[in-house]
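K.L.:
Quick one: this structure, given as structure tokens, is what I'll be asking you about.
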Amino acid sequence: MVTIISGTNRPGSWTLKLAKYYQKRLHEKGLDAGLLSLEQLPPNLIETDLYGKRSQAFEPIQEIISNTEKFLFIIPEYNGSFPGVLKVFVDACSFPDSFYEKKAALTGLSSGKYGNIRGLDHFTGVCHYVHLHLMPLKIHIPNIKLEFDGNGDLFKKDTVEFTDEQMDKFIVF
Ligand SMILES: Cc1cc2nc3c(=O)[nH]c(=O)nc-3n(C[C@H](O)[C@H](O)[C@H](O)COP(=O)(O)O)c2cc1C
């Protein structure tokens with residue numbers, strides 16, 4: 001099972017829009033991937049699902065994570081790094097089995113100039129700690145608000161080419 005994780009719980013996020021684009025494009029390429037948005041997390045996760053606690057609301061999410069062998073994380077830049085809610089989510093997942101010796105690819109995005117280069121570096125450290133094997137090709141998309149056409153598709157030639165290359169490599173990773 002392959003799962004795309006939309007790495008923020010911000011309503012109306014560009015991250016979710018990009019995650020949906022990846023899901024659609026991967027489907028066109030023959031890979032059906034699930035999509036988990038961090039908007040689906042229980043609202044009081046920090047009270048209900050940390051430090052050995054487990055809520056009923058989180059159980060189906062944990063099941064998705066447990067059944068996934070390959071993840072694609074779409075991660076926005078928040079204050080020069082990845083969102084805190086993404087770290088809380090990783091901390092809430094059962095350890096070490098959730099991510100241990102599994103595979104993942106990373107895509108960063110931002111409204112600013114850098115496309116979350118530092119955030120992906122920071123998250124890479126977390127992935128290494130939990131033994132999640134990362135695909136070497138990481139994609140960074142700056143100025144995300146200028147990247148979509150009216151159908152919710154990426155349309156700029158270089159962005160489409162880079163993301164297609166990443167997806168093609170992800171499919172065989
Ligand atoms: C809490 C917060 C911090 C942010 N920090 C940055 C930042 O450091 N650099 C940047 O380019 N954009 C920053 N942004 C803007 C996001 O990159 C922008 O909203 C982009 O659309 C991706 O995030 P989204 O999926 O929430 O829309 C920040 C947004 C939020 C909500």
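Letters for chains follow the order of the structure tokens (A, B, ...), residue numbers begin at 1 for each chain, and ligand numbers begin at 1 in the order shown.
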Can you pull out every residue within 10 Å of A:Tyr51, counting only C-alpha atoms, but drop anything in the same chain fewer than 4 positions away, and send it as a ChimeraX atom specification?
P.N.:
/A:46-47,91-94
K.L.:
Please return as a PyMOL selection string the residues found within 9 Å of ligand 1, counting only C-alpha atoms and all ligand atoms.
P.N.:
chain A and resi 6-18+74-84+108-116+119+142-145
K.L.:
Work out how far atom CA of A:Glu63 is from atom CA of A:Leu45, in Å to one decimal.
P.N.:
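That distance, rounded to one decimal, is 16.1 Å.
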K.L.:
Among stretch 29-156 of chain A, which residues does DSSP mark as helix (DSSP H, G or I) when it is run on the backbone? Keep the chain and numbering as in the structure and answer as number ranges by chain.
P.N.:
A: 38-40, 45-48, 59-67, 84-92, 117-129, 144-146
K.L.:
How would the residues just chosen look if you wrote them out with C-alpha atoms as a PDB file, in the first residue's frame?
P.N.:
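Heads up, here's the output in out.pdb:
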ATOM      1  CA  LEU A  38      -3.268  15.830   8.586  1.00  0.00           C
ATOM      2  CA  GLU A  39      -6.618  17.675   8.699  1.00  0.00           C
ATOM      3  CA  GLN A  40      -8.028  14.199   9.446  1.00  0.00           C
ATOM      4  CA  LEU A  45      -4.291  14.692  19.389  1.00  0.00           C
ATOM      5  CA  ILE A  46      -1.761  16.061  21.862  1.00  0.00           C
ATOM      6  CA  GLU A  47      -4.045  14.999  24.726  1.00  0.00           C
ATOM      7  CA  THR A  48      -5.409  11.757  23.297  1.00  0.00           C
ATOM      8  CA  GLU A  59      -6.990   3.907  15.224  1.00  0.00           C
ATOM      9  CA  PRO A  60      -7.980   4.010  11.517  1.00  0.00           C
ATOM     10  CA  ILE A  61      -5.114   6.435  10.890  1.00  0.00           C
ATOM     11  CA  GLN A  62      -2.647   4.120  12.619  1.00  0.00           C
ATOM     12  CA  GLU A  63      -4.025   1.265  10.526  1.00  0.00           C
ATOM     13  CA  ILE A  64      -3.313   3.208   7.321  1.00  0.00           C
ATOM     14  CA  ILE A  65       0.234   3.909   8.481  1.00  0.00           C
ATOM     15  CA  SER A  66       0.808   0.311   9.576  1.00  0.00           C
ATOM     16  CA  ASN A  67      -0.405  -1.024   6.219  1.00  0.00           C
ATOM     17  CA  GLY A  84       4.956  21.090  14.031  1.00  0.00           C
ATOM     18  CA  VAL A  85       1.779  19.089  13.477  1.00  0.00           C
ATOM     19  CA  LEU A  86       3.742  16.708  11.245  1.00  0.00           C
ATOM     20  CA  LYS A  87       6.187  15.995  14.082  1.00  0.00           C
ATOM     21  CA  VAL A  88       3.292  15.523  16.535  1.00  0.00           C
ATOM     22  CA  PHE A  89       1.770  13.085  14.051  1.00  0.00           C
ATOM     23  CA  VAL A  90       5.015  11.081  13.776  1.00  0.00           C
ATOM     24  CA  ASP A  91       5.340  11.114  17.579  1.00  0.00           C
ATOM     25  CA  ALA A  92       1.746   9.834  17.909  1.00  0.00           C
ATOM     26  CA  ILE A 117      14.720  23.144   1.421  1.00  0.00           C
ATOM     27  CA  ARG A 118      15.554  23.387   5.124  1.00  0.00           C
ATOM     28  CA  GLY A 119      12.290  21.771   6.228  1.00  0.00           C
ATOM     29  CA  LEU A 120      12.976  18.703   4.086  1.00  0.00           C
ATOM     30  CA  ASP A 121      16.506  18.538   5.506  1.00  0.00           C
ATOM     31  CA  HIS A 122      15.072  18.696   9.036  1.00  0.00           C
ATOM     32  CA  PHE A 123      12.452  16.044   8.262  1.00  0.00           C
ATOM     33  CA  THR A 124      15.152  13.872   6.658  1.00  0.00           C
ATOM     34  CA  GLY A 125      16.801  13.688  10.088  1.00  0.00           C
ATOM     35  CA  VAL A 126      13.530  12.454  11.621  1.00  0.00           C
ATOM     36  CA  CYS A 127      13.098   9.880   8.832  1.00  0.00           C
ATOM     37  CA  HIS A 128      16.610   8.550   9.375  1.00  0.00           C
ATOM     38  CA  TYR A 129      15.941   8.216  13.106  1.00  0.00           C
ATOM     39  CA  ILE A 144       3.338  27.575  -4.912  1.00  0.00           C
ATOM     40  CA  LYS A 145       0.483  30.032  -5.445  1.00  0.00           C
ATOM     41  CA  LEU A 146       1.651  30.525  -9.052  1.00  0.00           C
TER      42      LEU A 146
END
K.L.:
In Å, with one decimal, what is the gap from atom CA of A:Leu106 to atom CA of A:Pro136?
P.N.:
9.0 Å
K.L.:
Rank A:Ser55, A:Lys102, A:Lys156, A:Leu72 by their smallest atom-to-atom distance to A:Lys20, using only C-alpha atoms, and report the top residue only.
P.N.:
A:Leu72
K.L.:
Hey, what's within 9 Å of A:Arg25 if we count only C-alpha atoms and toss same-chain stuff fewer than 6 positions away? As a ChimeraX atom specification, please?
P.N.:
/A:31,164,167
K.L.:
Keeping only N, CA and C atoms, write the selected residues to a file as a JSON list (two decimals), in the first residue's frame.
P.N.:
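New file selection28.json:
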[["chain", "number", "residue", "atom", "x", "y", "z"],
["A", 31, "LEU", "N", -0.35, 3.90, -10.69],
["A", 31, "LEU", "CA", -0.19, 3.60, -9.26],
["A", 31, "LEU", "C", -1.33, 4.24, -8.47],
["A", 164, "ASP", "N", 7.11, 14.78, -12.51],
["A", 164, "ASP", "CA", 6.93, 13.52, -13.24],
["A", 164, "ASP", "C", 8.13, 12.59, -13.04],
["A", 167, "MET", "N", 7.89, 11.13, -9.63],
["A", 167, "MET", "CA", 6.86, 10.08, -9.54],
["A", 167, "MET", "C", 7.29, 8.81, -10.25]]
K.L.:
Measuring between only C-alpha atoms, which one of A:Ile4, A:Ile171, A:Leu35, A:Ala57 shows the shortest distance to A:Thr107?
P.N.:
A:Ile4
K.L.:
Pick from A:Ile139, A:Phe73, A:Val172, A:Pro42: nearest to A:Phe58, with only C-alpha atoms counted?
P.N.:
A:Pro42
K.L.:
What does the structure give for the distance between atom CA of A:Ala19 and atom CA of A:Leu50, in Å to one decimal?
P.N.:
26.1 Å
K.L.:
Find the residues around A:Tyr100 up to 9 Å (only C-alpha atoms counted), leave out those fewer than 6 positions away in its own chain, and share them as a PDB file with C-alpha atoms, in the first residue's frame.
P.N.:
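Below is the file that was written, part29.pdb:
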ATOM      1  CA  VAL A 130      12.848   6.037  12.488  1.00  0.00           C
ATOM      2  CA  HIS A 131      14.683   4.007   9.801  1.00  0.00           C
ATOM      3  CA  LEU A 132      12.529   5.303   6.949  1.00  0.00           C
ATOM      4  CA  HIS A 133      14.534   4.950   3.731  1.00  0.00           C
TER       5      HIS A 133
END
K.L.:
So which one's closest to A:Ala33, A:Gln166, A:Val2, A:Lys53, A:Val160? Using only C-alpha atoms, please.
P.N.:
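Checking each of A:Gln166, A:Val2, A:Lys53, A:Val160 against A:Ala33, counting only C-alpha atoms, the winner is A:Val2.
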K.L.:
For A:Ala105, which residue among A:Gly34, A:Gly152, A:Asn44, A:Thr163 is the nearest when counting only C-alpha atoms?
P.N.:
A:Thr163
